[in-house]
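**Student:** One file: run.txt (compact mmCIF, C-alpha atoms).
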# COMPACT_ATOMS: atom_id res chain seq x y z
CA MET A 26 19.68 -25.31 98.95
CA THR A 27 19.25 -21.76 97.70
CA ILE A 28 16.17 -20.17 96.16
CA GLY A 29 16.47 -16.75 94.54
CA ALA A 30 14.35 -13.68 95.15
CA GLY A 31 10.95 -13.71 93.49
CA THR A 32 11.00 -17.46 92.85
CA LEU A 33 7.84 -19.42 93.64
CA VAL A 34 7.76 -23.08 94.62
CA MET A 35 4.19 -24.28 94.12
CA HIS A 36 2.35 -26.68 96.41
CA GLY A 37 3.25 -30.36 96.29
CA ALA A 38 6.71 -29.75 94.83
CA VAL A 39 9.49 -31.90 96.31
CA LEU A 40 13.05 -30.56 96.41
CA HIS A 41 15.20 -33.32 97.85
CA VAL A 42 18.85 -34.28 98.33
CA TYR A 43 19.72 -37.52 100.11
CA ASN A 44 23.15 -39.08 100.79
CA PHE A 45 24.53 -35.57 100.29
CA ARG A 46 27.48 -36.06 102.66
CA ASP A 47 29.00 -38.56 100.20
CA LEU A 48 28.43 -36.38 97.11
CA PRO A 49 30.60 -33.27 96.74
CA HIS A 50 28.34 -31.45 94.24
CA ALA A 51 25.01 -32.24 95.88
CA GLY A 52 22.51 -29.43 96.27
CA ILE A 53 19.76 -27.48 94.58
CA HIS A 54 20.27 -23.87 93.53
CA ILE A 55 17.43 -21.94 91.88
CA GLY A 56 17.85 -18.43 90.49
CA ARG A 57 15.51 -15.47 90.76
CA ASP A 58 12.02 -14.98 89.34
CA SER A 59 11.60 -18.67 88.53
CA LEU A 60 8.59 -20.90 89.08
CA ILE A 61 8.69 -24.52 90.22
CA GLY A 62 5.33 -26.00 89.22
CA GLU A 63 2.95 -28.09 91.28
CA TYR A 64 4.14 -31.63 92.07
CA THR A 65 7.50 -31.08 90.41
CA VAL A 66 10.27 -33.31 91.81
CA ILE A 67 13.88 -32.12 91.93
CA ARG A 68 16.52 -34.55 93.22
CA GLY A 69 19.87 -32.87 93.67
CA GLN A 70 22.37 -35.58 94.57
CA GLY A 71 24.60 -34.64 91.63
CA GLY A 72 23.78 -30.95 91.97
CA VAL A 73 20.98 -29.09 90.22
CA THR A 74 21.52 -25.50 89.12
CA ILE A 75 18.47 -23.68 87.74
CA GLY A 76 18.93 -20.18 86.34
CA ASP A 77 16.78 -17.05 86.41
CA ARG A 78 13.27 -16.95 84.92
CA VAL A 79 13.01 -20.72 84.53
CA TYR A 80 9.43 -22.03 84.60
CA THR A 81 8.58 -25.64 85.20
CA SER A 82 5.01 -26.68 84.55
CA PRO A 83 3.31 -29.19 86.89
CA MET A 84 4.74 -32.67 87.40
CA VAL A 85 8.21 -32.08 85.94
CA GLN A 86 11.01 -34.35 87.18
CA ILE A 87 14.60 -33.10 87.37
CA ILE A 88 16.61 -36.08 88.56
CA ALA A 89 20.37 -35.57 89.10
CA VAL A 90 21.07 -39.16 90.15
CA ASN A 91 20.97 -42.60 88.56
CA HIS A 92 21.52 -46.20 89.65
CA VAL A 93 24.32 -48.40 88.36
CA PHE A 94 23.01 -51.73 87.08
CA ASP A 95 25.86 -53.22 85.03
CA ASP A 96 26.42 -56.42 87.04
CA PRO A 97 23.63 -58.98 86.45
CA GLN A 98 24.89 -61.03 89.41
CA ARG A 99 24.24 -58.25 91.96
CA PRO A 100 21.08 -56.37 92.91
CA PHE A 101 21.14 -52.83 91.51
CA VAL A 102 20.80 -51.38 95.02
CA GLU A 103 24.26 -52.78 95.83
CA GLN A 104 25.95 -51.36 92.73
CA GLY A 105 25.98 -47.68 93.69
CA ILE A 106 24.82 -44.55 91.94
CA THR A 107 26.07 -41.94 89.52
CA ALA A 108 25.39 -38.27 90.16
CA GLU A 109 26.68 -36.02 87.38
CA GLY A 110 24.41 -33.02 87.91
CA ILE A 111 21.98 -30.98 85.85
CA VAL A 112 22.28 -27.36 84.70
CA ILE A 113 19.29 -25.41 83.41
CA GLU A 114 20.30 -21.97 82.17
CA ASP A 115 18.22 -18.76 82.21
CA ASP A 116 14.87 -18.27 80.45
CA VAL A 117 13.96 -21.94 79.99
CA TRP A 118 10.39 -23.27 79.94
CA ILE A 119 9.80 -26.93 80.81
CA GLY A 120 6.38 -28.38 79.93
CA SER A 121 4.21 -30.61 82.13
CA GLY A 122 5.40 -34.11 82.79
CA ALA A 123 8.84 -33.62 81.24
CA VAL A 124 11.74 -35.60 82.70
CA ILE A 125 15.28 -34.20 82.77
CA THR A 126 17.86 -36.92 83.39
CA ASP A 127 21.24 -36.78 85.12
CA GLY A 128 24.16 -35.19 83.26
CA VAL A 129 22.06 -32.86 81.07
CA ARG A 130 22.62 -29.14 80.37
CA ILE A 131 19.70 -27.13 78.99
CA GLU A 132 20.97 -23.90 77.51
CA GLN A 133 19.43 -20.43 77.63
CA GLY A 134 16.04 -19.85 76.02
CA ALA A 135 15.28 -23.53 75.34
CA VAL A 136 11.75 -24.94 75.52
CA ILE A 137 11.09 -28.52 76.64
CA ALA A 138 7.76 -29.89 75.37
CA ALA A 139 5.27 -31.54 77.71
CA GLY A 140 6.07 -35.20 78.31
CA ALA A 141 9.58 -35.01 76.83
CA VAL A 142 12.35 -37.17 78.26
CA VAL A 143 15.59 -35.20 77.98
CA THR A 144 18.65 -37.47 77.96
CA ARG A 145 21.12 -35.18 76.12
CA ASP A 146 22.12 -31.53 76.23
CA VAL A 147 19.74 -29.00 74.67
CA ALA A 148 21.13 -26.13 72.58
CA PRO A 149 20.08 -22.53 73.26
CA HIS A 150 16.78 -21.30 71.81
CA THR A 151 15.74 -24.79 70.73
CA VAL A 152 12.40 -26.55 71.21
CA VAL A 153 12.73 -30.26 72.00
CA GLY A 154 10.09 -32.94 72.55
CA GLY A 155 9.46 -36.66 72.44
CA VAL A 156 10.88 -39.78 74.07
CA PRO A 157 13.79 -39.47 73.93
CA ALA A 158 13.66 -35.73 73.24
CA ARG A 159 14.75 -34.51 69.81
CA VAL A 160 14.88 -31.06 68.23
CA LEU A 161 11.48 -29.92 66.97
CA ARG A 162 12.46 -26.42 65.88
CA GLU A 163 14.65 -23.42 66.57
CA VAL A 164 13.34 -20.32 68.33
CA ASP A 165 14.49 -17.70 65.83
CA GLY A 166 11.81 -15.00 65.89
CA SER A 167 10.02 -16.19 62.79
CA THR A 168 6.27 -16.67 63.03
CA ASP A 169 4.64 -20.07 63.09
CA ALA A 170 1.03 -20.09 61.83
CA ARG A 171 0.27 -23.24 63.87
CA ARG A 172 0.69 -21.36 67.16
CA GLY A 173 -2.51 -19.34 66.97
CA PRO A 174 -2.96 -15.96 68.68
CA VAL A 175 -0.31 -14.69 71.03
CA TYR A 176 -1.48 -13.10 74.27
CA PRO A 177 0.78 -10.69 76.14
CA SER A 178 2.28 -11.93 79.38
CA VAL A 179 0.64 -10.65 82.55
CA ASN A 180 3.20 -9.49 85.10
Represent the structure of the file as structure tokens.

**Tutor:**
Amino acid sequence: MTIGAGTLVMHGAVLHVYNFRDLPHAGIHIGRDSLIGEYTVIRGQGGVTIGDRVYTSPMVQIIAVNHVFDDPQRPFVEQGITAEGIVIEDDVWIGSGAVITDGVRIEQGAVIAAGAVVTRDVAPHTVVGGVPARVLREVDGSTDARRGPVYPSVN
């Protein structure tokens, strides 16, 4: 596990990799100046790479592992797992309660709405939301009257 300079991991967050000896890409790597929100869960069996300036709001789940359940004659716990990995590029904001599933890449500048379940890759500078997540709009610099006032960031 690596955590970059200036990155904060808030209280109650769980960063976890189990069965890592059997999984060649297992691990969690977080870039610099990122924020892992309260009670966020990151499971890195398939490998999780989080870029620079990525903010997760509270209670986000980033789960780079899944169970196999194809054989109805066998309990799922005997069928193994898949662990493809998750990549979250730089400058991504993930809203509260969002779930990022195994095998997903979220490209630079994307925004994941609160409560979204992301099951497919997210293009750069795109806002996605819903269950499963779908494109809500592009981040293209145009103004959106529904947003209300914009307050400058405090650094």

**Student:** Out of A:Val143, A:Val129, A:Val156, A:Met35, which residue has the shortest atom-to-atom distance to Ser59 of chain A when counting all atoms listed in the file?

**Tutor:**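 Nearest to Ser59 of chain A: A:Met35.
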
**Student:** I'd like to know which of A:Val164, A:Ala51, A:Ala38, A:Ile119 is closest to Arg78 of chain A, using all atoms listed in the file.

**Tutor:**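 Using all atoms listed in the file, the shortest distance to Arg78 of chain A belongs to A:Ile119.
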
**Student:** I'd like the interatomic distance between atom CA of Pro157 of chain A and atom CA of Ala139 of chain A, to a tenth of an Å.

**Tutor:**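 Separation of atom CA of Pro157 of chain A and atom CA of Ala139 of chain A: 12.2 Å.
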
**Student:** For each of A:Ile75, A:Asn91, A:Arg159, A:Pro97, take the minimum atom-to-atom distance to Ile131 of chain A, counting all atoms listed in the file, then give the residue where this is smallest.

**Tutor:**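 Comparing A:Ile75, A:Asn91, A:Arg159, A:Pro97 against Ile131 of chain A, the winner is A:Ile75.
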
**Student:** One number please: atom CA of Gly122 of chain A to atom CA of Thr65 of chain A, in Å, one decimal.

**Tutor:**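 Result for atom CA of Gly122 of chain A versus atom CA of Thr65 of chain A: 8.5 Å, one decimal.
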
**Student:** Taking into account only C-alpha atoms, which residue in the set A:Ile55, A:Ala123, A:Leu161, A:Val117 is nearest to Pro83 of chain A?

**Tutor:**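 Between A:Ile55, A:Ala123, A:Leu161, A:Val117, the residue approaching Pro83 of chain A most closely is A:Ala123.
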
**Student:** Counting all atoms listed in the file, which of A:Ala158, A:Val136, A:Leu33, A:Val142 gets nearest to Val85 of chain A?

**Tutor:**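 That would be A:Val142, the residue with the smallest distance to Val85 of chain A.
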
**Student:** Would you mind telling me which residue in A:Asp47, A:Asp127, A:Asp146, A:Glu132 lies nearest to Arg68 of chain A when using only C-alpha atoms?

**Tutor:** A:Asp127

**Student:** Please, what distance in Å, to one decimal, runs between atom CA of Gly56 of chain A and atom CA of Ile113 of chain A?

**Tutor:**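 Atom CA of Ile113 of chain A lies at a distance of 10.0 Å from atom CA of Gly56 of chain A.
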
**Student:** For Gly110 of chain A, list every protein, DNA or RNA residue within 8 Å, evaluated using only C-alpha atoms, and leave out those in the same chain fewer than 5 positions away; present the list as number ranges by chain.

**Tutor:** A: 50, 69-73, 89-90, 127-129

**Student:** Can you pull out every residue within 10 Å of Leu40 of chain A, counting only C-alpha atoms, but drop anything in the same chain fewer than 3 positions away, and send it as an mmCIF file with C-alpha atoms, in the coordinates of the input?

**Tutor:**
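What ended up in out.cif:
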data_model
loop_
_atom_site.group_PDB
_atom_site.id
_atom_site.type_symbol
_atom_site.label_atom_id
_atom_site.label_comp_id
_atom_site.auth_asym_id
_atom_site.auth_seq_id
_atom_site.Cartn_x
_atom_site.Cartn_y
_atom_site.Cartn_z
ATOM 1 C CA MET A 26 19.680 -25.310 98.950
ATOM 2 C CA VAL A 34 7.760 -23.080 94.620
ATOM 3 C CA GLY A 37 3.250 -30.360 96.290
ATOM 4 C CA GLY A 52 22.510 -29.430 96.270
ATOM 5 C CA ILE A 53 19.760 -27.480 94.580
ATOM 6 C CA ILE A 61 8.690 -24.520 90.220
ATOM 7 C CA TYR A 64 4.140 -31.630 92.070
ATOM 8 C CA THR A 65 7.500 -31.080 90.410
ATOM 9 C CA VAL A 66 10.270 -33.310 91.810
ATOM 10 C CA ILE A 67 13.880 -32.120 91.930
ATOM 11 C CA ARG A 68 16.520 -34.550 93.220
ATOM 12 C CA GLY A 69 19.870 -32.870 93.670
ATOM 13 C CA ILE A 87 14.600 -33.100 87.370
#

**Student:** Could you add the missing atoms to segment 98-119 of chain A, up to N, CA and C atoms, and return them as a compact mmCIF listing (two decimals), keeping the file's coordinate frame?

**Tutor:**
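Dumped to result38.txt:
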# COMPACT_ATOMS: atom_id res chain seq x y z
N GLN A 98 24.79 -60.12 88.27
CA GLN A 98 24.89 -61.03 89.41
C GLN A 98 24.61 -60.33 90.74
N ARG A 99 24.47 -59.01 90.71
CA ARG A 99 24.24 -58.25 91.96
C ARG A 99 22.99 -57.41 91.84
N PRO A 100 22.23 -57.27 92.93
CA PRO A 100 21.08 -56.37 92.91
C PRO A 100 21.54 -54.94 92.61
N PHE A 101 20.74 -54.19 91.87
CA PHE A 101 21.14 -52.83 91.51
C PHE A 101 21.35 -51.95 92.74
N VAL A 102 20.66 -52.22 93.82
CA VAL A 102 20.80 -51.38 95.02
C VAL A 102 22.16 -51.55 95.68
N GLU A 103 22.91 -52.57 95.29
CA GLU A 103 24.26 -52.78 95.83
C GLU A 103 25.34 -52.26 94.90
N GLN A 104 24.96 -51.75 93.73
CA GLN A 104 25.95 -51.36 92.73
C GLN A 104 26.28 -49.87 92.74
N GLY A 105 25.66 -49.09 93.59
CA GLY A 105 25.98 -47.68 93.69
C GLY A 105 25.15 -46.81 92.76
N ILE A 106 25.53 -45.54 92.74
CA ILE A 106 24.82 -44.55 91.94
C ILE A 106 25.82 -43.71 91.16
N THR A 107 25.32 -43.01 90.17
CA THR A 107 26.07 -41.94 89.52
C THR A 107 25.30 -40.65 89.81
N ALA A 108 26.01 -39.57 89.88
CA ALA A 108 25.39 -38.27 90.16
C ALA A 108 26.22 -37.20 89.48
N GLU A 109 25.90 -36.95 88.20
CA GLU A 109 26.68 -36.02 87.38
C GLU A 109 26.23 -34.58 87.52
N GLY A 110 24.95 -34.37 87.79
CA GLY A 110 24.41 -33.02 87.91
C GLY A 110 23.63 -32.57 86.70
N ILE A 111 22.82 -31.56 86.90
CA ILE A 111 21.98 -30.98 85.85
C ILE A 111 22.11 -29.46 85.94
N VAL A 112 22.26 -28.82 84.78
CA VAL A 112 22.28 -27.36 84.70
C VAL A 112 21.18 -26.92 83.76
N ILE A 113 20.34 -26.02 84.23
CA ILE A 113 19.29 -25.41 83.41
C ILE A 113 19.57 -23.91 83.41
N GLU A 114 19.92 -23.38 82.26
CA GLU A 114 20.30 -21.97 82.17
C GLU A 114 19.08 -21.06 82.20
N ASP A 115 19.28 -19.76 82.10
CA ASP A 115 18.22 -18.76 82.21
C ASP A 115 17.17 -18.89 81.11
N ASP A 116 15.95 -18.44 81.43
CA ASP A 116 14.87 -18.27 80.45
C ASP A 116 14.46 -19.56 79.76
N VAL A 117 14.37 -20.64 80.51
CA VAL A 117 13.96 -21.94 79.99
C VAL A 117 12.55 -22.25 80.46
N TRP A 118 11.75 -22.83 79.59
CA TRP A 118 10.39 -23.27 79.94
C TRP A 118 10.34 -24.77 79.78
N ILE A 119 9.89 -25.47 80.83
CA ILE A 119 9.80 -26.93 80.81
C ILE A 119 8.34 -27.32 80.96
